[in-house]
Each structure stands twice: as C-alpha cells, then as structure tokens.
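This is start_11.cif. It holds mmCIF, C-alpha atoms.
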data_model
#
loop_
_atom_site.label_atom_id
_atom_site.label_comp_id
_atom_site.auth_asym_id
_atom_site.auth_seq_id
_atom_site.Cartn_x
_atom_site.Cartn_y
_atom_site.Cartn_z
CA MET A 642 10.22 28.24 -25.11
CA PRO A 643 12.09 24.91 -25.09
CA SER A 644 14.12 26.10 -22.12
CA LEU A 645 10.95 27.15 -20.30
CA ASN A 646 9.43 23.73 -20.93
CA LYS A 647 12.58 22.08 -19.61
CA ILE A 648 12.51 24.19 -16.44
CA ARG A 649 8.84 23.38 -15.96
CA SER A 650 9.49 19.64 -16.36
CA VAL A 651 12.20 19.78 -13.70
CA LEU A 652 9.98 21.66 -11.25
CA THR A 653 7.10 19.25 -11.71
CA GLY A 654 9.25 16.15 -11.60
CA GLN A 655 8.37 15.24 -15.18
CA ASP A 656 10.69 14.32 -18.00
CA ARG A 657 10.45 13.21 -21.60
CA ALA A 658 9.23 9.85 -20.37
CA SER A 659 6.54 11.43 -18.21
CA PRO A 660 3.46 9.26 -17.63
CA PRO A 661 0.23 9.85 -19.55
CA PHE A 662 -2.23 12.34 -18.12
CA PRO A 663 -4.62 9.81 -16.50
CA LEU A 664 -1.79 8.34 -14.42
CA ARG A 665 -0.51 11.79 -13.44
CA SER A 666 -4.05 12.74 -12.42
CA LEU A 667 -4.41 9.59 -10.35
CA ARG A 668 -1.06 10.21 -8.71
CA VAL A 669 -2.07 13.75 -7.71
CA ALA A 670 -5.41 12.57 -6.33
CA LEU A 671 -3.85 9.73 -4.36
CA THR A 672 -1.13 11.97 -2.95
CA ALA A 673 -3.84 14.33 -1.76
CA PHE A 674 -5.71 11.43 -0.12
CA PHE A 675 -2.58 10.47 1.82
CA ALA A 676 -2.21 14.10 2.97
CA LEU A 677 -5.90 14.23 3.91
CA ASP A 678 -5.52 11.06 6.00
CA GLY A 679 -2.68 12.63 7.98
CA PHE A 680 -4.49 15.96 8.33
CA VAL A 681 -7.76 14.49 9.64
CA PHE A 682 -6.07 12.14 12.10
CA ALA A 683 -3.85 14.95 13.42
CA GLY A 684 -6.97 17.04 13.99
CA TRP A 685 -8.18 14.41 16.44
CA VAL A 686 -4.78 13.95 18.10
CA VAL A 687 -4.37 17.61 19.05
CA ARG A 688 -7.78 17.59 20.79
CA ILE A 689 -7.12 14.51 22.93
CA PRO A 690 -6.31 16.55 26.08
CA ALA A 691 -9.52 18.56 25.78
CA VAL A 692 -11.65 15.48 25.12
CA LYS A 693 -10.01 13.71 28.07
CA GLU A 694 -11.12 16.55 30.33
CA GLN A 695 -14.59 16.61 28.75
CA VAL A 696 -15.29 12.93 29.45
CA GLY A 697 -13.63 13.03 32.88
CA ALA A 698 -11.27 10.17 32.08
CA SER A 699 -8.28 9.21 34.16
CA ALA A 700 -5.01 8.47 32.39
CA GLY A 701 -5.74 4.74 32.55
CA ALA A 702 -9.30 5.12 31.30
CA LEU A 703 -8.13 7.32 28.44
CA GLY A 704 -5.53 4.71 27.51
CA LEU A 705 -8.21 2.05 27.31
CA ALA A 706 -10.46 4.33 25.23
CA LEU A 707 -7.60 5.08 22.83
CA LEU A 708 -7.24 1.36 22.22
CA GLY A 709 -10.50 1.72 20.31
CA VAL A 710 -8.61 3.36 17.45
CA SER A 711 -6.07 0.57 17.41
CA ALA A 712 -8.65 -2.20 17.65
CA GLY A 713 -10.81 -0.70 14.91
CA ALA A 714 -7.82 -0.32 12.61
CA ILE A 715 -6.44 -3.81 13.14
CA VAL A 716 -9.74 -5.68 12.74
CA THR A 717 -10.43 -3.72 9.53
CA MET A 718 -7.14 -4.16 7.72
CA ILE A 719 -7.46 -7.81 6.64
CA PRO A 720 -11.14 -7.46 5.58
CA GLY A 721 -10.08 -4.21 3.91
CA GLY A 722 -7.81 -6.17 1.60
CA ARG A 723 -10.74 -8.40 0.62
CA LEU A 724 -12.94 -5.37 -0.05
CA CYS A 725 -10.24 -3.94 -2.30
CA ARG A 726 -10.16 -7.14 -4.32
CA ARG A 727 -13.94 -7.22 -4.64
CA PHE A 728 -14.83 -3.58 -5.25
CA GLY A 729 -11.53 -2.01 -6.30
CA ALA A 730 -9.07 -0.21 -4.06
CA ARG A 731 -9.94 3.23 -5.43
CA ARG A 732 -13.61 2.90 -4.46
CA VAL A 733 -12.67 1.60 -1.01
CA THR A 734 -10.30 4.56 -0.58
CA VAL A 735 -13.13 7.01 -1.21
CA GLY A 736 -15.59 5.12 1.01
CA THR A 737 -13.25 4.77 3.97
CA GLY A 738 -12.15 8.39 3.53
CA ALA A 739 -15.76 9.39 4.12
CA VAL A 740 -15.99 7.13 7.18
CA LEU A 741 -12.80 8.63 8.63
CA SER A 742 -13.99 12.19 8.01
CA LEU A 743 -17.42 11.58 9.56
CA SER A 744 -16.11 9.74 12.60
CA VAL A 745 -13.46 12.31 13.54
CA ALA A 746 -16.19 14.64 14.83
CA LEU A 747 -17.82 12.06 17.12
CA PRO A 748 -15.34 12.12 20.06
CA ALA A 749 -16.24 15.76 20.72
CA PHE A 750 -19.83 14.72 21.55
CA THR A 751 -19.01 11.95 24.03
CA HIS A 752 -19.33 12.32 27.80
CA SER A 753 -17.87 9.09 29.18
CA PRO A 754 -14.76 7.01 28.53
CA VAL A 755 -16.92 4.08 27.38
CA THR A 756 -18.71 6.04 24.65
CA LEU A 757 -15.41 7.64 23.68
CA GLY A 758 -13.89 4.20 23.18
CA LEU A 759 -16.85 3.11 21.04
CA VAL A 760 -16.68 6.08 18.67
CA LEU A 761 -12.91 5.74 18.46
CA LEU A 762 -13.50 2.18 17.29
CA LEU A 763 -15.31 3.65 14.27
CA LEU A 764 -12.49 6.15 13.77
CA GLY A 765 -10.06 3.24 13.72
CA VAL A 766 -12.19 1.43 11.13
CA GLY A 767 -11.97 4.42 8.80
CA PHE A 768 -8.26 4.93 9.46
CA GLY A 769 -7.27 1.28 9.01
CA GLY A 770 -9.43 0.67 5.97
CA MET A 771 -8.28 3.84 4.27
CA ASN A 772 -4.62 3.02 4.82
CA VAL A 773 -4.96 -0.45 3.28
CA ALA A 774 -6.92 0.89 0.30
CA MET A 775 -4.62 3.86 -0.35
CA ASN A 776 -1.50 1.72 -0.18
CA THR A 777 -3.06 -0.81 -2.54
CA VAL A 778 -3.76 1.93 -5.10
CA ALA A 779 -0.24 3.22 -4.54
CA VAL A 780 1.23 -0.22 -5.29
CA ASP A 781 -0.73 -0.31 -8.55
CA LEU A 782 0.47 3.16 -9.52
CA VAL A 783 4.07 2.29 -8.72
CA ALA A 784 3.77 -0.66 -11.09
CA ALA A 785 2.03 1.40 -13.78
CA LEU A 786 4.54 4.26 -13.61
CA ARG A 787 7.50 1.91 -13.15
CA ARG A 788 9.02 4.30 -10.65
CA PRO A 789 9.54 3.74 -6.89
CA ILE A 790 7.26 6.60 -5.83
CA MET A 791 5.79 4.95 -2.70
CA PRO A 792 7.83 7.13 -0.29
CA GLY A 793 6.32 10.24 -1.85
CA PHE A 794 2.82 9.16 -0.87
CA HIS A 795 3.92 8.56 2.71
CA ALA A 796 5.68 11.93 2.71
CA ALA A 797 2.31 13.46 1.88
CA TYR A 798 0.81 11.70 4.90
CA SER A 799 3.56 13.11 7.12
CA LEU A 800 3.07 16.60 5.70
CA GLY A 801 -0.68 16.35 6.20
CA GLY A 802 -0.10 15.40 9.83
CA LEU A 803 2.27 18.31 10.35
CA VAL A 804 -0.21 20.74 8.82
CA GLY A 805 -3.08 19.29 10.82
CA ALA A 806 -1.14 19.64 14.06
CA GLY A 807 0.15 23.09 13.09
CA VAL A 808 -3.36 24.35 12.35
CA GLY A 809 -5.10 22.49 15.16
CA GLY A 810 -2.73 23.65 17.90
CA PRO A 811 -3.54 27.38 17.58
CA LEU A 812 -7.23 26.67 16.95
CA ALA A 813 -7.43 24.75 20.22
CA ALA A 814 -7.16 28.05 22.09
CA TRP A 815 -10.13 29.55 20.24
CA LEU A 816 -12.51 26.72 19.37
CA THR A 817 -14.22 24.06 21.43
CA PRO A 818 -13.42 20.45 20.50
CA ALA A 819 -16.84 20.14 18.85
CA GLN A 820 -16.33 23.26 16.70
CA HIS A 821 -12.85 22.22 15.69
CA LEU A 822 -13.55 18.56 14.92
CA VAL A 823 -16.80 19.31 13.08
CA GLY A 824 -14.79 21.71 10.93
CA VAL A 825 -12.22 18.99 10.25
CA ALA A 826 -15.03 16.57 9.40
CA VAL A 827 -16.68 18.97 6.94
CA PHE A 828 -13.34 19.73 5.30
CA GLY A 829 -12.56 16.02 5.08
CA LEU A 830 -15.90 15.15 3.51
CA VAL A 831 -15.70 17.94 0.92
CA ALA A 832 -12.13 16.97 0.07
CA THR A 833 -13.10 13.30 -0.17
CA VAL A 834 -15.89 14.06 -2.64
CA LEU A 835 -13.71 16.29 -4.82
CA LEU A 836 -10.65 14.05 -4.72
CA GLY A 837 -12.81 10.94 -5.10
CA ARG A 838 -14.20 12.18 -8.40
CA LEU A 839 -10.64 12.69 -9.63
CA LEU A 840 -9.44 9.32 -8.32
CA LEU A 841 -12.35 7.41 -9.88
CA ARG A 842 -12.34 9.27 -13.19
CA HIS A 843 -9.55 7.25 -14.80
CA ALA A 844 -8.81 3.56 -14.48
CA ILE A 845 -5.38 2.17 -13.79
CA PRO A 846 -4.37 -0.20 -16.63
CA ARG A 847 -6.03 -3.57 -16.04
CA THR A 848 -2.68 -5.33 -16.36
CA VAL A 849 -1.78 -3.59 -13.10
CA GLU A 850 -4.95 -2.89 -11.15
CA ARG A 851 -6.36 -5.91 -9.32
CA THR A 852 -10.05 -5.57 -8.54
CA HIS A 853 -11.02 -9.21 -8.07
CA PRO A 854 -9.60 -12.24 -6.30
CA ALA A 855 -6.74 -13.64 -8.32
CA ASP A 856 -3.10 -14.48 -8.04
CA PRO A 857 -1.10 -11.25 -8.05
CA PRO A 858 0.73 -10.75 -11.36
CA ALA A 859 4.12 -11.03 -9.67
CA VAL A 860 3.26 -14.45 -8.28
CA THR A 861 1.57 -15.66 -11.45
CA ALA A 862 4.48 -14.62 -13.62
CA GLN A 863 6.99 -16.31 -11.38
CA ASN A 864 4.97 -19.51 -11.25
CA ALA A 865 4.92 -19.56 -15.04
CA HIS A 866 8.70 -19.66 -15.01
CA GLY A 867 8.86 -22.09 -12.13
CA SER A 868 10.94 -19.76 -9.92
CA ALA A 869 8.49 -19.01 -7.13
CA ARG A 870 5.60 -20.66 -5.34
CA PRO A 871 2.53 -19.14 -3.67
CA GLY A 872 3.79 -20.43 -0.30
CA GLY A 873 7.09 -18.66 -0.85
CA ALA A 874 5.23 -15.51 -1.80
CA ARG A 875 3.23 -15.64 1.42
CA ARG A 876 6.41 -16.08 3.42
CA MET A 877 7.97 -13.06 1.76
CA VAL A 878 4.86 -10.98 2.50
CA ALA A 879 5.27 -11.97 6.15
CA VAL A 880 8.94 -10.95 5.98
CA PHE A 881 8.00 -7.53 4.64
CA GLY A 882 5.38 -7.27 7.38
CA LEU A 883 8.07 -8.02 9.96
CA ILE A 884 10.23 -5.23 8.52
CA ALA A 885 7.24 -2.87 8.69
CA LEU A 886 6.64 -3.89 12.31
CA CYS A 887 10.25 -3.12 13.28
CA THR A 888 9.98 0.32 11.71
CA ALA A 889 6.57 1.26 13.08
CA TYR A 890 7.65 0.16 16.57
CA GLY A 891 10.27 2.89 16.55
CA GLU A 892 7.95 5.55 15.21
CA GLY A 893 5.32 4.80 17.85
CA ALA A 894 7.86 4.65 20.66
CA LEU A 895 9.48 7.96 19.77
CA ALA A 896 6.13 9.70 19.49
CA GLU A 897 5.25 8.81 23.07
CA TRP A 898 8.60 8.60 24.86
CA GLY A 899 11.03 10.82 22.96
CA PRO A 900 9.80 14.08 24.52
CA LEU A 901 9.68 12.46 27.95
CA HIS A 902 13.29 11.31 27.61
CA LEU A 903 14.36 14.89 26.91
CA GLN A 904 12.32 16.30 29.77
CA GLU A 905 13.09 13.74 32.48
CA ASP A 906 16.58 12.50 31.61
CA LEU A 907 18.06 15.71 30.20
CA HIS A 908 15.91 18.10 32.28
CA THR A 909 14.66 20.25 29.41
CA GLY A 910 11.51 22.35 29.45
CA PRO A 911 8.26 21.24 27.78
CA ALA A 912 8.87 23.31 24.64
CA LEU A 913 12.31 21.85 24.00
CA ALA A 914 11.04 18.39 24.85
CA ALA A 915 8.34 18.74 22.20
CA ALA A 916 11.09 19.51 19.70
CA GLY A 917 12.22 15.89 20.06
CA TYR A 918 9.32 14.42 18.13
CA ALA A 919 9.30 17.41 15.77
CA ALA A 920 12.86 16.48 14.84
CA VAL A 921 11.74 12.92 14.09
CA ALA A 922 8.69 14.02 12.09
CA LEU A 923 10.57 16.57 10.01
CA ALA A 924 13.40 14.15 9.31
CA MET A 925 10.94 11.45 8.24
CA THR A 926 9.19 13.89 5.94
CA ALA A 927 12.46 14.98 4.37
CA GLY A 928 13.59 11.38 4.01
CA ARG A 929 10.38 10.38 2.28
CA LEU A 930 10.46 13.35 -0.06
CA SER A 931 13.87 12.18 -1.23
CA GLY A 932 12.91 8.51 -1.07
CA THR A 933 12.25 7.99 -4.77
CA ALA A 934 15.69 9.28 -5.71
CA LEU A 935 17.24 7.11 -3.01
CA LEU A 936 15.44 3.99 -4.22
CA LEU A 937 16.40 4.66 -7.83
CA ARG A 938 20.03 5.00 -6.80
CA LEU A 939 20.34 2.16 -4.28
CA GLY A 940 17.45 -0.18 -4.93
CA PRO A 941 14.94 -1.25 -2.26
CA THR A 942 17.10 -3.76 -0.38
CA ARG A 943 20.10 -1.47 0.02
CA ALA A 944 17.82 1.43 0.94
CA VAL A 945 16.20 -0.63 3.72
CA VAL A 946 19.56 -1.87 5.02
CA LEU A 947 21.02 1.65 5.01
CA GLY A 948 17.89 3.05 6.63
CA GLY A 949 17.83 0.43 9.36
CA LEU A 950 21.49 0.90 10.23
CA THR A 951 21.12 4.70 10.22
CA ALA A 952 18.13 4.47 12.56
CA CYS A 953 20.02 2.07 14.83
CA ALA A 954 23.00 4.44 15.16
CA GLY A 955 20.73 7.46 15.55
CA MET A 956 18.68 5.87 18.31
CA LEU A 957 21.76 4.85 20.28
CA LEU A 958 22.92 8.47 20.08
CA GLY A 959 19.45 9.70 21.03
CA ALA A 960 19.23 7.34 24.01
CA PHE A 961 22.68 7.96 25.50
CA GLY A 962 23.73 11.36 24.16
CA PRO A 963 24.92 13.53 27.08
CA ALA A 964 23.76 16.81 25.56
CA VAL A 965 20.41 17.96 24.22
CA TRP A 966 21.76 18.79 20.77
CA LEU A 967 23.24 15.30 20.49
CA VAL A 968 19.94 13.69 21.47
CA LEU A 969 18.03 15.82 18.96
CA THR A 970 20.57 14.89 16.29
CA GLY A 971 20.11 11.24 17.18
CA PHE A 972 16.32 11.57 16.98
CA ALA A 973 16.59 13.22 13.57
CA LEU A 974 18.90 10.46 12.29
CA THR A 975 16.45 7.87 13.58
CA GLY A 976 13.58 9.51 11.73
CA LEU A 977 15.67 9.81 8.59
CA GLY A 978 16.63 6.15 8.75
CA LEU A 979 13.11 4.90 9.41
CA ALA A 980 11.51 7.16 6.81
CA ASN A 981 11.51 4.87 3.80
CA VAL A 982 11.63 1.42 5.39
CA PHE A 983 7.89 1.22 6.05
CA PRO A 984 6.80 2.47 2.58
CA VAL A 985 9.23 0.09 0.88
CA ALA A 986 8.04 -2.87 2.96
CA ILE A 987 4.36 -2.14 2.27
CA GLY A 988 5.04 -1.55 -1.42
CA ARG A 989 6.96 -4.80 -1.86
CA ALA A 990 4.31 -6.78 0.05
CA GLY A 991 1.65 -5.30 -2.20
CA ALA A 992 3.61 -5.99 -5.37
CA LEU A 993 3.88 -9.63 -4.33
CA GLY A 994 0.55 -10.24 -2.60
CA GLY A 995 -1.85 -7.64 -4.00
CA PRO A 996 -4.40 -6.10 -1.62
CA GLY A 997 -4.02 -9.06 0.74
CA GLY A 998 -0.29 -8.46 0.91
CA VAL A 999 -0.83 -4.80 1.73
CA ALA A 1000 -3.36 -5.75 4.40
CA THR A 1001 -1.09 -8.34 6.01
CA ALA A 1002 1.98 -6.11 6.07
CA SER A 1003 -0.05 -3.12 7.27
CA THR A 1004 -1.56 -5.15 10.10
CA LEU A 1005 1.85 -6.31 11.26
CA GLY A 1006 3.24 -2.79 10.90
CA TYR A 1007 0.41 -1.27 12.87
CA ALA A 1008 0.87 -3.91 15.55
CA GLY A 1009 4.45 -2.68 15.89
CA PHE A 1010 3.22 0.88 16.22
CA LEU A 1011 0.96 -0.24 19.08
CA LEU A 1012 3.55 -2.41 20.79
CA GLY A 1013 6.19 0.31 20.93
CA PRO A 1014 4.83 2.69 23.60
CA PRO A 1015 3.70 0.09 26.20
CA THR A 1016 6.86 -2.00 25.73
CA ILE A 1017 9.06 1.05 26.25
CA GLY A 1018 7.07 1.96 29.35
CA PHE A 1019 7.37 -1.52 30.84
CA LEU A 1020 11.13 -1.67 30.21
CA ALA A 1021 11.63 1.89 31.47
CA ASP A 1022 10.20 0.93 34.86
CA GLY A 1023 12.77 -1.80 35.25
CA PHE A 1024 15.86 -0.50 33.45
CA GLY A 1025 15.36 3.22 32.85
CA LEU A 1026 14.13 5.04 29.75
CA PRO A 1027 17.49 5.33 27.92
CA VAL A 1028 17.98 1.56 28.05
CA ALA A 1029 14.35 0.96 27.03
CA LEU A 1030 14.81 3.17 23.96
CA THR A 1031 17.61 0.90 22.76
CA THR A 1032 14.90 -1.56 21.68
CA VAL A 1033 14.15 0.90 18.86
CA ALA A 1034 17.77 0.61 17.76
CA ALA A 1035 17.67 -3.18 18.09
CA LEU A 1036 14.57 -3.57 15.92
CA ALA A 1037 15.90 -1.15 13.32
CA ALA A 1038 19.00 -3.36 13.11
CA VAL A 1039 16.75 -6.44 12.83
CA ALA A 1040 14.96 -4.85 9.87
CA ALA A 1041 18.30 -4.23 8.17
CA VAL A 1042 19.51 -7.77 8.81
CA VAL A 1043 16.24 -9.35 7.62
CA ALA A 1044 16.28 -7.27 4.44
CA HIS A 1045 19.89 -8.25 3.74
CA THR A 1046 19.48 -11.96 4.46
CA THR A 1047 16.31 -12.29 2.36
CA ARG A 1048 17.58 -10.27 -0.60
CA HIS A 1049 17.94 -13.33 -2.84
CA ALA A 1050 14.48 -14.62 -1.96
CA SER A 1051 13.05 -11.17 -2.70
CA ALA A 1052 14.75 -11.12 -6.09
CA ALA A 1053 13.47 -14.60 -6.88
CA ALA A 1054 9.94 -13.47 -6.02
CA GLY A 1055 10.20 -10.59 -8.47
CA VAL A 1056 10.24 -7.78 -5.90
#
Mind turning the file's structure into structure tokens?
Amino acid sequence: MPSLNKIRSVLTGQDRASPPFPLRSLRVALTAFFALDGFVFAGWVVRIPAVKEQVGASAGALGLALLGVSAGAIVTMIPGGRLCRRFGARRVTVGTGAVLSLSVALPAFTHSPVTLGLVLLLLGVGFGGMNVAMNTVAVDLVAALRRPIMPGFHAAYSLGGLVGAGVGGPLAAWLTPAQHLVGVAVFGLVATVLLGRLLLRHAIPRTVERTHPADPPAVTAQNAHGSARPGGARRMVAVFGLIALCTAYGEGALAEWGPLHLQEDLHTGPALAAAGYAAVALAMTAGRLSGTALLLRLGPTRAVVLGGLTACAGMLLGAFGPAVWLVLTGFALTGLGLANVFPVAIGRAGALGGPGGVATASTLGYAGFLLGPPTIGFLADGFGLPVALTTVAALAAVAAVVAHTTRHASAAAGV
C-alpha cells in the first residue's frame, strides 16, 4: 500500500508536503474556471464566419464589430480590480463567468454589424472581468501554496480553447450558430454554478486573500523594512505589464498572420497553413504544463529571459525559414518561449500590487494582444509579411532585456 500511495501522489502532483484539502479544492475549481473561459471564448471564435454572413458584414465592418470585444475587455479590467478588492476575487470570478456564458449566445441573434458590435461589448466585459478576477485568485493561491503554479492555470485556458475549437469546428457543419452558441451558453452557466459552489466553499487564508482596499502584503512588508516604496511598487507593476504586452503582442500577431504567412509566402494549402497556429497553441500549452517545474528550477527572472530569447530566435526562424518544416519549427519555438512569460508577469504584478496590479498588467497585456494584428498588417503593406513578423521577435527580446535589467528591483520589491 505505501508504494501505491507513492504512485498516486506522483500522478496527482502531490507529495508529503501537499496542501490541505481546501486549497487543493480551490485549485481544482480555479483550474476548471480557466479552462471554461477558454472553452466558451473558443465557441464564439469558431462561429465568427457564420455570424459574419448572417449579419451581412463586410470585412471592414466585421473588424469594427470585433473591436467591441476588445473595448469591453479593456474598459472592464481596471474597474474589475476594484470590484475584486471590494467583493472578493472569487465572487467576481463567478459573477463574470455567468456574464461571459450568457453573452456568448447573443451574437447568434444579431442581424446587423452595429448590434453585433454592441453584444460583443458585453462579451468583452465578461471576458475581461473574468480574466482579472481569475488571475487575482490565482495570485492568492500561488502565495498560499508557495509554489509557482500560475502557468498551470494558463495551460488550462489554452487546453479549454483547444477543446472548444476542436468541438466547435465539427459542430459548425451540423448546427446553426444559434443552436451551437446557446448550447455553449447553457454549458457555461451550469459549469459556472457547479464550479462556483466549489470555489466559494472554502476561503483562502486571510493572510493571503485580499478582499478590501489595502496595501498588498508584499508592499507593506517591504515598507516595514524600508526597502521598497509604493511608488517603486507601482513602477514594477508597470514593468511587468510591459513584459505582458510584449508577449501578448506576439500571440495575437501569430494567431492572425501566422497562417497567412505560410499560405502566401510559402504557398501552402489552407490545411497546412492552419497548422501554423496549431503549432503555436500546442507549444504554448506544453510550455505552460511544464511551467511550474521550469520556474522552480530557474526562478521567474531566468525563466522570462530564457523564454523571451527562445521566442525571439523562433520567430526569426519562422519569418525567414525557407521551408515549411522550418517555419513550423520556428512557430513552435515561439509559442514555447512565450508560454510562461505572460503568466509570470501577471503573477508577479499581482503579488506586488494585488487586484489592482493584476488589472493594470492585464490591461497592458491585452493592449499588446490588440496591437499585434493591425501593426503587423500595416508593416506588411510596406515591407512584406516576413519583415513585419520580426516585430514579434523584437518585442520578445525586449521582454527578456527588461526582465534581466530589472531583476534587482524585482528582488528588492519581494517578487
């Protein structure tokens, strides 16, 4: 029996110092919320072509309507941090999860680009608010468990997105957008209720969870020893937000332009072109699944530097590789390098700045995700797509350099 218990502990990732049951339960519930977020959002993404046809939108009109998601997310993230401080991040996670689940069905019932943009604004509110709240809870759990498990939560989001796209793609041939998205909404609401009960059942230790406006423990502790100031803490949160922006820029750019690079510059077919982003997504998922072990071995600063440099080299290979297999290899290396930079940046901002730190870094990161595709498109018109994609490599290198040059300030701030 001892050997069986040992095998079971290895398979479940537990050891003799495993956390108490309430924290394990919270970790499972939060992981499932991250996966649900990715699954629900992917359900909408795979129906964009059908909804575009339904509302009779041109490419330009659809682009403007899709900005509703971005606008809703960005304007919600900073207030979302305040809501987390006032009501508790776990409650806000459940509430915004319900908003996201309800709103994902609405685009299927629109009949003009204007109404589509308005309902996508609500979808963005749910998406942005949920991401701030979930990451805030994740920061608290990381502190309570004293293990760098943030990449695991983001791996769950990536897996949820892959499952949502994998399920939604085949269903698109059999179900109307309304049938499909209503099904996603019902599933999301049921899952939110069940997971919400689990997430709210146990409290995170009050020494860690921050449910009201106050100086984050990291800042307070450092002030007590005279080694950090609130202004310095705010600057470091902005630095982590800049690192998140550099990473998210690359993820957004590759999602939109990676397949097109394969199809137009290397003359592949649509199926092989689609494999370009699949390579990025799978590599990011694998990187995040192994992220905790990497952080334990290297520490956050070295992990970010290594990730940024790997992404830089991978993107240069992906942009200028003369063969398809080289480009796909470069894309995979880029995804692998970027995988843990964003979770680490958000986690360190939250450890230093609490919910407000998560909100600030998330807002900057999401801005990078939005800036990537249009910037690449603008540069591609003037210099060609391969050259435009080098901006992904450049910003990945910037993230590595920023992490390296601010390592002493990060240590002084306690993160």
Hey, what comes out of the PyMOL selection byres ((chain A and resi 991) around 9) on this file? Could you write it as JSON, numbers by chain? {"A": [776, 777, 780, 781, 857, 878, 986, 987, 988, 989, 990, 992, 993, 994, 995, 996, 997, 998, 999, 1000, 1002]}
Go ahead and write the selection's residues with C-alpha atoms as a PDB file, in the coordinates of the input.
ATOM      1  CA  ASN A 776      -1.500   1.720  -0.180  1.00  0.00           C
ATOM      2  CA  THR A 777      -3.060  -0.810  -2.540  1.00  0.00           C
ATOM      3  CA  VAL A 780       1.230  -0.220  -5.290  1.00  0.00           C
ATOM      4  CA  ASP A 781      -0.730  -0.310  -8.550  1.00  0.00           C
ATOM      5  CA  PRO A 857      -1.100 -11.250  -8.050  1.00  0.00           C
ATOM      6  CA  VAL A 878       4.860 -10.980   2.500  1.00  0.00           C
ATOM      7  CA  ALA A 986       8.040  -2.870   2.960  1.00  0.00           C
ATOM      8  CA  ILE A 987       4.360  -2.140   2.270  1.00  0.00           C
ATOM      9  CA  GLY A 988       5.040  -1.550  -1.420  1.00  0.00           C
ATOM     10  CA  ARG A 989       6.960  -4.800  -1.860  1.00  0.00           C
ATOM     11  CA  ALA A 990       4.310  -6.780   0.050  1.00  0.00           C
ATOM     12  CA  ALA A 992       3.610  -5.990  -5.370  1.00  0.00           C
ATOM     13  CA  LEU A 993       3.880  -9.630  -4.330  1.00  0.00           C
ATOM     14  CA  GLY A 994       0.550 -10.240  -2.600  1.00  0.00           C
ATOM     15  CA  GLY A 995      -1.850  -7.640  -4.000  1.00  0.00           C
ATOM     16  CA  PRO A 996      -4.400  -6.100  -1.620  1.00  0.00           C
ATOM     17  CA  GLY A 997      -4.020  -9.060   0.740  1.00  0.00           C
ATOM     18  CA  GLY A 998      -0.290  -8.460   0.910  1.00  0.00           C
ATOM     19  CA  VAL A 999      -0.830  -4.800   1.730  1.00  0.00           C
ATOM     20  CA  ALA A1000      -3.360  -5.750   4.400  1.00  0.00           C
ATOM     21  CA  ALA A1002       1.980  -6.110   6.070  1.00  0.00           C
TER      22      ALA A1002
END
Evaluated on this file, the PyMOL selection byres ((chain A and resi 835-847) around 9) picks out some residues - which ones are they, written as an NGL selection string? :A and (663-664 or 666-671 or 673-674 or 731-732 or 734-736 or 778 or 781-782 or 785 or 830-834 or 848-852)
When you look at Ala896 (chain A) with a cut-off of 9 Å (counting all atoms listed in the file), what residues show up, excluding the ones that are within fewer than 5 positions of it in the same chain? I need them as a PyMOL selection string. chain A and resi 891+917-918+921-922+1014
Enumerate, as a PyMOL selection string, the residues matched when the PyMOL selection byres ((chain A and resi 724) around 10) is run on the file above. chain A and resi 718-723+725-730+732-733+770+773-774+852-854+996-997
Export C-alpha atoms of the chosen residues as a JSON list (two decimals), in the coordinates of the input?
[["chain", "number", "residue", "atom", "x", "y", "z"],
["A", 718, "MET", "CA", -7.14, -4.16, 7.72],
["A", 719, "ILE", "CA", -7.46, -7.81, 6.64],
["A", 720, "PRO", "CA", -11.14, -7.46, 5.58],
["A", 721, "GLY", "CA", -10.08, -4.21, 3.91],
["A", 722, "GLY", "CA", -7.81, -6.17, 1.60],
["A", 723, "ARG", "CA", -10.74, -8.40, 0.62],
["A", 725, "CYS", "CA", -10.24, -3.94, -2.30],
["A", 726, "ARG", "CA", -10.16, -7.14, -4.32],
["A", 727, "ARG", "CA", -13.94, -7.22, -4.64],
["A", 728, "PHE", "CA", -14.83, -3.58, -5.25],
["A", 729, "GLY", "CA", -11.53, -2.01, -6.30],
["A", 730, "ALA", "CA", -9.07, -0.21, -4.06],
["A", 732, "ARG", "CA", -13.61, 2.90, -4.46],
["A", 733, "VAL", "CA", -12.67, 1.60, -1.01],
["A", 770, "GLY", "CA", -9.43, 0.67, 5.97],
["A", 773, "VAL", "CA", -4.96, -0.45, 3.28],
["A", 774, "ALA", "CA", -6.92, 0.89, 0.30],
["A", 852, "THR", "CA", -10.05, -5.57, -8.54],
["A", 853, "HIS", "CA", -11.02, -9.21, -8.07],
["A", 854, "PRO", "CA", -9.60, -12.24, -6.30],
["A", 996, "PRO", "CA", -4.40, -6.10, -1.62],
["A", 997, "GLY", "CA", -4.02, -9.06, 0.74]]
Please provide as number ranges by chain all residues within 8 Å of Ala1034 (chain A), with the sequence filter that same-chain residues fewer than 5 positions apart are discarded (counting only C-alpha atoms). A: 891, 952-957
Using only C-alpha atoms for the distances, tell me which of A:Val827, A:Ala1021, A:Ala712, A:Ala784 is nearest to Ser744 (chain A). A:Val827
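With all atoms listed in the file as the atoms that count, the minimum distance from Met925 (chain A) to the choices A:Gly802, A:Gly1018, A:Gly873, A:Gly1006 is reached by A:Gly802.
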